[in-house]
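Take a look at the structure below.
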Amino acid sequence: MKTQEANKLIAEFMGLVVSDRDNYTSELHTNVDADLKYHTSWDWLMPVIHRLKVNRDWIDEEGQKFIDEIDNGLTCYGGILDVHHDVVEAIVNYNEYKS
């Protein structure tokens with residue numbers, strides 16, 4: 001999944017609403033290409049991780065594997081792009097669980 005698509009997926013998970021093809025809205029109007037920094041900023045990514053971990057209803061055995069991968073990324077190899085990838089994988093699993 002391309003970074004822009006991954007960031008859109010994360011933005012939707014975080015409750016941002018699509019207003020048109022290139023823009024998301026919430027309290028802020030955010031241009032997807034320029035403003036979504038989930039792949040470059042820990043300040044953006046950590047609240048997503050927190051939300052995934054707090055929302056426990058989707059975490060079955062499969063979901064726990066994704067949470068473990070995120071935790072390993074945060075404590076062991078720690079690169080933001082690796083953790084971003086793990087977060088996207090977890091959100092895909094979460095969305096499949098919810099559907």
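Here, A, B, ... name the chains of the structure tokens in the order displayed, residue numbers run from 1 inside each chain, and ligands are numbered from 1 in the same displayed order.
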
Problem - Those of chain A in DSSP strand (DSSP E or B), formatted as a VMD selection string - result: chain A and resid 17 to 20 23 to 25 29 to 31

Emit the selected residues as a PDB file, in the first residue's frame, including N, CA and C atoms.
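Writing the result to selection.pdb gives the following:
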ATOM      1  N   VAL A  17     -13.166  12.617   8.317  1.00  0.00           N
ATOM      2  CA  VAL A  17     -14.219  12.338   7.353  1.00  0.00           C
ATOM      3  C   VAL A  17     -13.781  12.822   5.980  1.00  0.00           C
ATOM      4  N   VAL A  18     -13.999  11.982   4.977  1.00  0.00           N
ATOM      5  CA  VAL A  18     -13.638  12.359   3.612  1.00  0.00           C
ATOM      6  C   VAL A  18     -14.618  13.417   3.123  1.00  0.00           C
ATOM      7  N   SER A  19     -14.084  14.567   2.693  1.00  0.00           N
ATOM      8  CA  SER A  19     -14.961  15.606   2.141  1.00  0.00           C
ATOM      9  C   SER A  19     -14.925  15.598   0.624  1.00  0.00           C
ATOM     10  N   ASP A  20     -13.840  15.185   0.037  1.00  0.00           N
ATOM     11  CA  ASP A  20     -13.723  14.945  -1.397  1.00  0.00           C
ATOM     12  C   ASP A  20     -12.484  14.105  -1.628  1.00  0.00           C
ATOM     13  N   ASN A  23      -9.271  15.761   0.112  1.00  0.00           N
ATOM     14  CA  ASN A  23      -9.314  16.451   1.400  1.00  0.00           C
ATOM     15  C   ASN A  23     -10.062  15.633   2.436  1.00  0.00           C
ATOM     16  N   TYR A  24      -9.607  15.793   3.662  1.00  0.00           N
ATOM     17  CA  TYR A  24     -10.275  15.213   4.811  1.00  0.00           C
ATOM     18  C   TYR A  24     -10.676  16.358   5.721  1.00  0.00           C
ATOM     19  N   THR A  25     -11.758  16.177   6.453  1.00  0.00           N
ATOM     20  CA  THR A  25     -12.141  17.214   7.398  1.00  0.00           C
ATOM     21  C   THR A  25     -12.399  16.610   8.764  1.00  0.00           C
ATOM     22  N   HIS A  29      -9.144  21.220   8.506  1.00  0.00           N
ATOM     23  CA  HIS A  29      -9.187  20.805   7.105  1.00  0.00           C
ATOM     24  C   HIS A  29      -7.775  20.397   6.743  1.00  0.00           C
ATOM     25  N   THR A  30      -7.628  19.179   6.285  1.00  0.00           N
ATOM     26  CA  THR A  30      -6.306  18.626   6.069  1.00  0.00           C
ATOM     27  C   THR A  30      -6.178  18.148   4.635  1.00  0.00           C
ATOM     28  N   ASN A  31      -5.150  18.596   3.950  1.00  0.00           N
ATOM     29  CA  ASN A  31      -4.854  18.096   2.622  1.00  0.00           C
ATOM     30  C   ASN A  31      -4.065  16.809   2.774  1.00  0.00           C
TER      31      ASN A  31
END

Handout entry: Test item: residues at most 10 Å from range 82-88 of chain A, only C-alpha atoms, excluding those fewer than 6 positions along its chain, as number ranges by chain
Key = A: 1, 3, 5-7, 9-10, 13, 38-42, 45-46, 48-49, 52, 66-74, 94

Problem - Interatomic distance, CA of Asp43 in chain A to CA of Asp60 in chain A (Å, one decimal) - result: 27.3 Å

Problem - Which of A:Tyr97, A:Cys76, A:Pro47, A:Asp35 sits closest to Ile59 in chain A [using only C-alpha atoms] - result: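 Of A:Tyr97, A:Cys76, A:Pro47, A:Asp35, the one nearest Ile59 in chain A is A:Tyr97, counting only C-alpha atoms.
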
Exercise for the section: Return as a PyMOL selection string the full set of residues in chain A whose backbone-based DSSP assignment is alpha helix (DSSP H). Expected result: chain A and resi 3-13+32-35+42-54+61-72+80-98

Handout entry: Å distance separating CA of Tyr77 in chain A from CA of Ile91 in chain A, one decimal place
Key =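 Here the two named atoms are 20.5 Å from each other.
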
Fill in the blank from the handout: Judged by only C-alpha atoms, the minimum distance to Asn55 in chain A among A:Thr75, A:Met14, A:Lys37, A:Leu81 is found for A:Met14
